[in-house]
>>> print(open('entry-v9.pdb').read())   # PDB, C-alpha atoms
MODEL        1
ATOM      1  CA  MET A   1       0.000   0.000   0.000
ATOM      2  CA  LEU A   2       1.419   3.337  -1.019
ATOM      3  CA  LEU A   3       1.160   6.004   1.596
ATOM      4  CA  ILE A   4       1.967   9.658   1.974
ATOM      5  CA  GLY A   5       5.593  10.221   2.874
ATOM      6  CA  GLN A   6       6.781   6.935   1.374
ATOM      7  CA  LYS A   7       9.438   6.628  -1.280
ATOM      8  CA  ALA A   8       7.830   6.690  -4.722
ATOM      9  CA  PRO A   9       8.620   3.409  -6.539
ATOM     10  CA  ASP A  10      11.121   3.913  -9.349
ATOM     11  CA  PHE A  11      10.326   2.726 -12.863
ATOM     12  CA  GLU A  12      11.634   2.847 -16.386
ATOM     13  CA  LEU A  13       9.168   3.223 -19.247
ATOM     14  CA  GLU A  14       9.177   3.882 -22.955
ATOM     15  CA  ALA A  15       7.848   7.319 -23.747
ATOM     16  CA  TYR A  16       7.157   9.979 -26.337
ATOM     17  CA  ASP A  17       8.835  13.354 -25.920
ATOM     18  CA  PRO A  18       6.810  16.047 -27.736
ATOM     19  CA  VAL A  19       9.633  18.615 -27.552
ATOM     20  CA  LYS A  20      12.172  16.405 -29.306
ATOM     21  CA  ASP A  21       9.414  14.718 -31.316
ATOM     22  CA  ASP A  22      11.117  11.430 -30.550
ATOM     23  CA  PHE A  23      10.747   8.252 -28.548
ATOM     24  CA  THR A  24      12.754   7.934 -25.372
ATOM     25  CA  THR A  25      12.895   6.057 -22.088
ATOM     26  CA  VAL A  26      12.048   7.787 -18.866
ATOM     27  CA  LYS A  27      12.867   6.916 -15.269
ATOM     28  CA  LEU A  28      11.423   8.390 -12.107
ATOM     29  CA  SER A  29      14.985   9.050 -10.948
ATOM     30  CA  ASP A  30      15.455  11.415 -13.934
ATOM     31  CA  TYR A  31      13.395  13.889 -11.903
ATOM     32  CA  LYS A  32      15.267  13.559  -8.617
ATOM     33  CA  GLY A  33      15.988  16.920  -7.004
ATOM     34  CA  LYS A  34      12.774  18.580  -8.148
ATOM     35  CA  PHE A  35       9.085  18.371  -7.414
ATOM     36  CA  LEU A  36       7.278  16.165  -9.931
ATOM     37  CA  PHE A  37       3.625  15.995 -10.929
ATOM     38  CA  LEU A  38       3.224  12.307 -11.787
ATOM     39  CA  ILE A  39      -0.061  12.113 -13.647
ATOM     40  CA  PHE A  40      -1.874   8.884 -14.475
ATOM     41  CA  TYR A  41      -4.736   9.092 -16.994
ATOM     42  CA  PRO A  42      -6.916   6.373 -18.531
ATOM     43  CA  ALA A  43      -6.148   6.754 -22.201
ATOM     44  CA  ASP A  44      -5.163   9.034 -25.049
ATOM     45  CA  PHE A  45      -8.093  10.288 -27.122
ATOM     46  CA  THR A  46     -10.468  10.356 -24.194
ATOM     47  CA  PHE A  47     -12.443  13.464 -23.592
ATOM     48  CA  VAL A  48     -11.626  14.921 -20.179
TER      49      VAL A  48
ATOM     50  CA  MET B   1      -3.495  17.260 -20.406
ATOM     51  CA  ALA B   2      -4.137  20.535 -22.192
ATOM     52  CA  ALA B   3      -5.112  22.143 -18.887
ATOM     53  CA  VAL B   4      -1.859  21.000 -17.289
ATOM     54  CA  ALA B   5       0.045  22.151 -20.376
ATOM     55  CA  ALA B   6      -1.403  25.644 -19.841
ATOM     56  CA  VAL B   7       0.293  25.904 -16.431
ATOM     57  CA  TYR B   8       3.454  24.008 -17.437
ATOM     58  CA  ASP B   9       5.546  27.183 -17.791
ATOM     59  CA  LYS B  10       4.574  28.146 -14.252
ATOM     60  CA  ILE B  11       5.388  24.626 -13.003
ATOM     61  CA  LYS B  12       8.841  24.790 -14.656
ATOM     62  CA  GLU B  13       9.405  28.290 -13.292
ATOM     63  CA  GLU B  14       8.774  26.858  -9.801
ATOM     64  CA  GLY B  15      11.506  24.267 -10.447
ATOM     65  CA  ALA B  16       9.106  21.354 -10.911
ATOM     66  CA  ASP B  17       8.226  19.079 -13.821
ATOM     67  CA  VAL B  18       5.392  16.912 -15.156
ATOM     68  CA  LEU B  19       5.370  13.294 -16.341
ATOM     69  CA  ALA B  20       2.147  11.744 -17.631
ATOM     70  CA  ILE B  21       1.582   7.980 -17.786
ATOM     71  CA  SER B  22      -1.161   5.956 -19.436
ATOM     72  CA  THR B  23      -1.478   2.387 -20.652
ATOM     73  CA  ASP B  24      -1.238   3.523 -24.280
ATOM     74  CA  THR B  25       1.850   2.754 -26.355
ATOM     75  CA  LYS B  26       4.364   5.473 -27.219
ATOM     76  CA  PHE B  27       3.058   5.355 -30.801
ATOM     77  CA  VAL B  28      -0.442   6.279 -29.656
ATOM     78  CA  HIS B  29       1.038   9.064 -27.503
ATOM     79  CA  GLU B  30       2.725  10.474 -30.587
ATOM     80  CA  ALA B  31      -0.488  10.243 -32.613
ATOM     81  CA  PHE B  32      -2.439  11.882 -29.780
ATOM     82  CA  VAL B  33      -0.047  14.846 -29.555
ATOM     83  CA  LYS B  34       0.033  15.284 -33.326
ATOM     84  CA  ASN B  35      -3.697  14.913 -34.010
ATOM     85  CA  GLU B  36      -5.635  16.351 -31.102
ATOM     86  CA  PRO B  37      -5.579  20.170 -31.427
ATOM     87  CA  LEU B  38      -5.775  20.565 -27.637
ATOM     88  CA  MET B  39      -2.494  18.637 -27.295
ATOM     89  CA  LYS B  40      -0.424  21.022 -29.414
ATOM     90  CA  ASN B  41       1.038  22.834 -26.390
ATOM     91  CA  VAL B  42       2.000  19.740 -24.417
ATOM     92  CA  LYS B  43       5.751  19.964 -23.734
ATOM     93  CA  PHE B  44       6.143  17.235 -21.108
ATOM     94  CA  ILE B  45       6.889  13.556 -21.645
ATOM     95  CA  LEU B  46       4.080  10.999 -22.065
ATOM     96  CA  ALA B  47       5.181   7.600 -20.765
ATOM     97  CA  SER B  48       3.774   4.268 -21.822
ATOM     98  CA  ASP B  49       2.800   1.492 -19.420
ATOM     99  CA  PRO B  50       0.948  -1.021 -21.649
ATOM    100  CA  THR B  51       1.233  -3.887 -19.138
ATOM    101  CA  GLY B  52      -0.088  -1.675 -16.321
ATOM    102  CA  LYS B  53       2.844  -2.695 -14.107
ATOM    103  CA  VAL B  54       3.713   0.807 -12.970
ATOM    104  CA  CYS B  55       0.046   1.840 -12.698
ATOM    105  CA  ARG B  56      -0.566  -1.174 -10.422
ATOM    106  CA  GLU B  57       2.454  -0.339  -8.300
ATOM    107  CA  TYR B  58       0.988   3.110  -7.781
ATOM    108  CA  GLN B  59      -2.507   1.732  -7.158
ATOM    109  CA  ALA B  60      -3.632   3.697 -10.173
ATOM    110  CA  TYR B  61      -4.943   0.799 -12.283
ATOM    111  CA  MET B  62      -8.512  -0.192 -13.020
ATOM    112  CA  GLU B  63      -8.354  -3.980 -13.370
ATOM    113  CA  ASP B  64     -11.768  -4.290 -15.043
ATOM    114  CA  ALA B  65     -11.069  -1.662 -17.661
ATOM    115  CA  GLY B  66      -7.388  -2.501 -18.119
ATOM    116  CA  LEU B  67      -6.648   1.211 -17.987
ATOM    117  CA  ALA B  68      -4.910   3.665 -15.713
ATOM    118  CA  MET B  69      -7.018   5.580 -13.237
ATOM    119  CA  ARG B  70      -7.144   9.333 -13.245
ATOM    120  CA  ALA B  71      -4.626   9.996 -10.494
ATOM    121  CA  LEU B  72      -1.985  12.487  -9.462
ATOM    122  CA  TYR B  73       1.033  11.988  -7.271
ATOM    123  CA  ILE B  74       3.174  14.932  -6.254
ATOM    124  CA  ILE B  75       6.683  13.669  -5.509
ATOM    125  CA  ASN B  76       9.131  15.851  -3.595
ATOM    126  CA  PRO B  77      12.780  16.449  -4.521
ATOM    127  CA  GLU B  78      13.876  13.536  -2.289
ATOM    128  CA  GLY B  79      11.598  11.163  -4.194
ATOM    129  CA  ASN B  80       8.870  10.833  -1.551
ATOM    130  CA  ILE B  81       5.136  10.967  -2.198
ATOM    131  CA  VAL B  82       3.796  14.145  -0.588
ATOM    132  CA  TYR B  83       0.348  14.313  -2.175
ATOM    133  CA  LEU B  84      -1.988  11.952  -3.963
ATOM    134  CA  GLU B  85      -5.454  12.116  -5.445
ATOM    135  CA  SER B  86      -7.415   9.840  -7.710
ATOM    136  CA  SER B  87     -10.877   9.768  -9.175
ATOM    137  CA  ILE B  88     -13.138   7.839 -11.504
ATOM    138  CA  PRO B  89     -12.390   8.701 -15.139
ATOM    139  CA  PRO B  90     -15.108  11.209 -16.103
ATOM    140  CA  VAL B  91     -13.890  13.966 -13.770
ATOM    141  CA  GLY B  92     -10.976  16.066 -14.954
ATOM    142  CA  LYS B  93      -8.451  17.775 -12.735
ATOM    143  CA  SER B  94      -8.542  21.422 -11.751
ATOM    144  CA  THR B  95      -5.225  23.160 -12.311
ATOM    145  CA  ALA B  96      -6.257  25.740  -9.693
ATOM    146  CA  GLU B  97      -6.580  22.943  -7.128
ATOM    147  CA  ILE B  98      -3.374  21.114  -7.993
ATOM    148  CA  MET B  99      -1.263  24.269  -8.365
ATOM    149  CA  ARG B 100      -2.456  25.582  -5.012
ATOM    150  CA  LYS B 101      -1.608  22.255  -3.420
ATOM    151  CA  PHE B 102       1.816  22.091  -5.091
ATOM    152  CA  LEU B 103       2.753  25.667  -4.141
ATOM    153  CA  ALA B 104       1.730  24.982  -0.525
ATOM    154  CA  LEU B 105       3.818  21.770  -0.479
ATOM    155  CA  LYS B 106       6.767  23.649  -1.915
ATOM    156  CA  TYR B 107       6.301  26.466   0.602
ATOM    157  CA  VAL B 108       6.296  24.191   3.665
ATOM    158  CA  THR B 109       9.285  22.282   2.275
ATOM    159  CA  GLU B 110      11.229  25.538   2.024
ATOM    160  CA  HIS B 111       9.855  26.822   5.364
ATOM    161  CA  PRO B 112       9.757  23.715   7.582
ATOM    162  CA  ASP B 113       8.587  25.593  10.694
ATOM    163  CA  GLU B 114       5.487  26.979   8.969
ATOM    164  CA  ALA B 115       2.144  25.522   7.907
ATOM    165  CA  CYS B 116      -0.330  26.535   5.224
ATOM    166  CA  PRO B 117      -3.853  26.648   6.675
ATOM    167  CA  ALA B 118      -7.110  25.766   4.900
ATOM    168  CA  ASN B 119      -7.713  27.726   1.712
ATOM    169  CA  TRP B 120      -4.138  29.000   1.755
ATOM    170  CA  GLU B 121      -2.702  30.222  -1.468
ATOM    171  CA  PRO B 122       0.435  32.202  -2.262
ATOM    172  CA  GLY B 123       0.306  35.610  -0.600
ATOM    173  CA  LYS B 124      -1.978  34.514   2.235
ATOM    174  CA  LYS B 125      -0.854  34.185   5.838
ATOM    175  CA  THR B 126       0.875  31.024   7.016
ATOM    176  CA  LEU B 127       0.977  29.665  10.572
ATOM    177  CA  LYS B 128       3.955  28.954  12.819
ATOM    178  CA  PRO B 129       2.759  26.107  15.036
ATOM    179  CA  GLY B 130       3.951  26.570  18.601
ATOM    180  CA  PRO B 131       2.691  27.116  22.157
ATOM    181  CA  LYS B 132       1.449  30.653  21.426
ATOM    182  CA  LEU B 133      -0.802  29.377  18.657
ATOM    183  CA  VAL B 134      -2.560  26.658  20.646
ATOM    184  CA  GLY B 135      -6.215  27.603  20.984
ATOM    185  CA  ASN B 136      -5.362  30.952  19.464
ATOM    186  CA  VAL B 137      -5.472  30.475  15.696
ATOM    187  CA  GLY B 138      -8.661  32.542  15.433
ATOM    188  CA  ASN B 139      -6.930  35.544  16.987
ATOM    189  CA  TYR B 140      -3.917  35.214  14.771
ATOM    190  CA  ILE B 141      -5.561  34.723  11.415
ATOM    191  CA  ASP B 142      -8.422  36.722   9.996
ATOM    192  CA  GLU B 143     -11.487  34.469   9.725
ATOM    193  CA  LYS B 144     -12.636  36.167   6.552
ATOM    194  CA  GLU B 145      -9.231  35.509   4.928
ATOM    195  CA  LEU B 146      -9.249  31.893   6.116
ATOM    196  CA  LEU B 147     -12.705  31.194   4.702
ATOM    197  CA  GLU B 148     -12.202  33.015   1.436
ATOM    198  CA  ILE B 149     -11.831  30.738  -1.578
ATOM    199  CA  THR B 150     -10.353  32.129  -4.725
ATOM    200  CA  TYR B 151      -9.827  30.007  -7.794
ATOM    201  CA  ARG B 152      -6.700  31.662  -9.030
ATOM    202  CA  ASP B 153      -5.673  31.401 -12.666
ATOM    203  CA  PHE B 154      -2.112  30.104 -12.476
ATOM    204  CA  ARG B 155      -1.607  30.389 -16.242
ATOM    205  CA  MET B 156      -0.594  33.981 -15.650
ATOM    206  CA  GLY B 157       2.215  33.056 -13.252
TER     207      GLY B 157
ENDMDL
END
>>> encode(input="entry-v9.pdb", output="structure tokens")
Amino acid sequence: MLLIGQKAPDFELEAYDPVKDDFTTVKLSDYKGKFLFLIFYPADFTFV
Amino acid sequence: MAAVAAVYDKIKEEGADVLAISTDTKFVHEAFVKNEPLMKNVKFILASDPTGKVCREYQAYMEDAGLAMRALYIINPEGNIVYLESSIPPVGKSTAEIMRKFLALKYVTEHPDEACPANWEPGKKTLKPGPKLVGNVGNYIDEKELLEITYRDFRMG
């Protein structure tokens, strides 16, 4: 169970970077040292 | 996503970043950014979790639908979860709500002896918990200010 104050689990995922217009891999640890908004959303092409 | 993109400059200016994850593949992410007009200003990375492994680890997976939930985790510079919210899919986020929350989290991180009371937003009074404040918050903080809710537009900085 994930709780407030706990270490966020690290991960490595394939990704699309709109700025470079290229595929990349992204790790949670890439963002270490800054606040991160980690946003989960159901699917692309949904309406909200 | 477009709503978050609209405050992304402000988020970057505050030294933070955004990473979005869904169960779509990276190819669908690319198609989404390039085809949906509302996505044209998205400058943050869209990550792909087609097996749902990471979504499950974050308890942000709907097993029946096989899709990620609508959820937000704010992670602090040390890598700890300092805020989380999730909802059923048809309700979108409010950038006013999440920006207010983020700026309060950042404020108390930078000022560890202070607290941001209810309805706090940048510019409003904070509290310094201590013996003088016990049973005395109402004399220290203006009730009208405490109860006032303003939905600030953080696109403007």
>>> closest_residue(input="entry-v9.pdb", among="A:Thr46, A:Ile39, A:Phe23, A:Ser29", to="Pro9 of chain A", atoms="only C-alpha atoms")
A:Ser29
>>> closest_atom_pairs(input="entry-v9.pdb", of="chain A", to="chain B", cutoff="7 Å", atoms="all atoms listed in the file", output="CSV")
residue,atom,partner,partner_atom,distance
A:Leu2,CA,B:Tyr58,CA,6.8
A:Ile4,CA,B:Ile81,CA,5.4
A:Gly5,CA,B:Ile81,CA,5.1
A:Gln6,CA,B:Asn80,CA,5.3
A:Lys7,CA,B:Asn80,CA,4.3
A:Ala8,CA,B:Asn80,CA,5.3
A:Phe11,CA,B:Val54,CA,6.9
A:Leu13,CA,B:Ser48,CA,6.1
A:Glu14,CA,B:Ser48,CA,5.5
A:Ala15,CA,B:Ala47,CA,4.0
A:Tyr16,CA,B:Leu46,CA,5.4
A:Asp17,CA,B:Ile45,CA,4.7
A:Pro18,CA,B:Lys43,CA,5.7
A:Val19,CA,B:Lys43,CA,5.6
A:Lys32,CA,B:Pro77,CA,5.6
A:Gly33,CA,B:Pro77,CA,4.1
A:Lys34,CA,B:Pro77,CA,4.2
A:Phe35,CA,B:Asn76,CA,4.6
A:Leu36,CA,B:Asp17,CA,5.0
A:Phe37,CA,B:Val18,CA,4.7
A:Leu38,CA,B:Tyr73,CA,5.0
A:Ile39,CA,B:Ala20,CA,4.6
A:Phe40,CA,B:Ile21,CA,4.9
A:Tyr41,CA,B:Arg70,CA,4.5
A:Pro42,CA,B:Ala68,CA,4.4
A:Ala43,CA,B:Ser22,CA,5.8
A:Asp44,CA,B:Phe32,CA,6.2
A:Phe45,CA,B:Phe32,CA,6.4
A:Val48,CA,B:Gly92,CA,5.4
>>> residues_around(input="entry-v9.pdb", residues="Glu145 of chain B", least_positions_apart="6", cutoff="12 Å", atoms="only C-alpha atoms", output="list in words")
Pro117, Ala118, Asn119, Trp120, Glu121, Gly123, Lys124, Lys125, Thr126 and Gly138 of chain B
>>> write_last_selection(input="entry-v9.pdb", atoms="C-alpha atoms", output="PDB file, in the coordinates of the input")
ATOM      1  CA  PRO B 117      -3.853  26.648   6.675  1.00  0.00           C
ATOM      2  CA  ALA B 118      -7.110  25.766   4.900  1.00  0.00           C
ATOM      3  CA  ASN B 119      -7.713  27.726   1.712  1.00  0.00           C
ATOM      4  CA  TRP B 120      -4.138  29.000   1.755  1.00  0.00           C
ATOM      5  CA  GLU B 121      -2.702  30.222  -1.468  1.00  0.00           C
ATOM      6  CA  GLY B 123       0.306  35.610  -0.600  1.00  0.00           C
ATOM      7  CA  LYS B 124      -1.978  34.514   2.235  1.00  0.00           C
ATOM      8  CA  LYS B 125      -0.854  34.185   5.838  1.00  0.00           C
ATOM      9  CA  THR B 126       0.875  31.024   7.016  1.00  0.00           C
ATOM     10  CA  GLY B 138      -8.661  32.542  15.433  1.00  0.00           C
TER      11      GLY B 138
END
>>> atom_distance(input="entry-v9.pdb", atom1="atom CA of Ile149 of chain B", atom2="atom CA of Val137 of chain B")
18.4 Å
>>> closest_residue(input="entry-v9.pdb", among="B:Glu143, B:Thr95, B:Gly135, B:Arg152", to="Pro122 of chain B", atoms="all atoms listed in the file")
B:Arg152
>>> build_atoms(input="entry-v9.pdb", residues="segment 92-115 of chain B", atoms="N, CA, C and O atoms", output="compact mmCIF listing (two decimals), in the coordinates of the input")
# COMPACT_ATOMS: atom_id res chain seq x y z
N GLY B 92 -12.31 15.53 -14.68
CA GLY B 92 -10.98 16.07 -14.95
C GLY B 92 -10.42 16.81 -13.76
O GLY B 92 -11.14 17.15 -12.82
N LYS B 93 -9.11 17.04 -13.83
CA LYS B 93 -8.45 17.77 -12.74
C LYS B 93 -8.72 19.27 -12.85
O LYS B 93 -9.03 19.78 -13.91
N SER B 94 -8.54 19.96 -11.75
CA SER B 94 -8.54 21.42 -11.75
C SER B 94 -7.11 21.89 -11.55
O SER B 94 -6.47 21.55 -10.56
N THR B 95 -6.60 22.67 -12.48
CA THR B 95 -5.22 23.16 -12.31
C THR B 95 -5.16 24.14 -11.14
O THR B 95 -4.12 24.25 -10.49
N ALA B 96 -6.26 24.84 -10.86
CA ALA B 96 -6.26 25.74 -9.69
C ALA B 96 -6.04 24.93 -8.42
O ALA B 96 -5.24 25.30 -7.55
N GLU B 97 -6.73 23.79 -8.32
CA GLU B 97 -6.58 22.94 -7.13
C GLU B 97 -5.18 22.36 -7.02
O GLU B 97 -4.55 22.42 -5.95
N ILE B 98 -4.67 21.80 -8.12
CA ILE B 98 -3.37 21.11 -7.99
C ILE B 98 -2.22 22.09 -7.87
O ILE B 98 -1.24 21.82 -7.21
N MET B 99 -2.34 23.27 -8.49
CA MET B 99 -1.26 24.27 -8.36
C MET B 99 -1.23 24.83 -6.95
O MET B 99 -0.17 25.04 -6.37
N ARG B 100 -2.40 25.09 -6.39
CA ARG B 100 -2.46 25.58 -5.01
C ARG B 100 -1.81 24.57 -4.07
O ARG B 100 -0.99 24.91 -3.21
N LYS B 101 -2.15 23.31 -4.27
CA LYS B 101 -1.61 22.26 -3.42
C LYS B 101 -0.09 22.17 -3.59
O LYS B 101 0.65 22.12 -2.61
N PHE B 102 0.38 22.17 -4.82
CA PHE B 102 1.82 22.09 -5.09
C PHE B 102 2.57 23.28 -4.47
O PHE B 102 3.60 23.10 -3.82
N LEU B 103 2.04 24.48 -4.66
CA LEU B 103 2.75 25.67 -4.14
C LEU B 103 2.79 25.66 -2.61
O LEU B 103 3.77 26.09 -2.01
N ALA B 104 1.73 25.12 -1.99
CA ALA B 104 1.73 24.98 -0.52
C ALA B 104 2.76 23.94 -0.09
O ALA B 104 3.51 24.16 0.87
N LEU B 105 2.83 22.81 -0.80
CA LEU B 105 3.82 21.77 -0.48
C LEU B 105 5.23 22.30 -0.63
O LEU B 105 6.11 22.05 0.20
N LYS B 106 5.44 23.07 -1.69
CA LYS B 106 6.77 23.65 -1.92
C LYS B 106 7.09 24.66 -0.80
O LYS B 106 8.20 24.68 -0.28
N TYR B 107 6.08 25.45 -0.44
CA TYR B 107 6.30 26.47 0.60
C TYR B 107 6.71 25.83 1.93
O TYR B 107 7.68 26.24 2.56
N VAL B 108 5.97 24.80 2.35
CA VAL B 108 6.30 24.19 3.66
C VAL B 108 7.60 23.40 3.62
O VAL B 108 8.25 23.22 4.65
N THR B 109 7.98 22.95 2.41
CA THR B 109 9.28 22.28 2.28
C THR B 109 10.41 23.31 2.46
O THR B 109 11.41 23.03 3.12
N GLU B 110 10.21 24.49 1.91
CA GLU B 110 11.23 25.54 2.02
C GLU B 110 11.17 26.26 3.37
O GLU B 110 12.13 26.92 3.77
N HIS B 111 10.03 26.17 4.05
CA HIS B 111 9.86 26.82 5.36
C HIS B 111 9.33 25.78 6.34
O HIS B 111 8.14 25.76 6.67
N PRO B 112 10.22 24.88 6.81
CA PRO B 112 9.76 23.72 7.58
C PRO B 112 9.10 24.04 8.92
O PRO B 112 8.42 23.17 9.47
N ASP B 113 9.25 25.27 9.42
CA ASP B 113 8.59 25.59 10.69
C ASP B 113 7.24 26.27 10.49
O ASP B 113 6.61 26.74 11.43
N GLU B 114 6.77 26.33 9.23
CA GLU B 114 5.49 26.98 8.97
C GLU B 114 4.48 25.98 8.40
O GLU B 114 4.86 24.90 7.94
N ALA B 115 3.21 26.36 8.47
CA ALA B 115 2.14 25.52 7.91
C ALA B 115 1.20 26.40 7.10
O ALA B 115 1.01 27.58 7.41
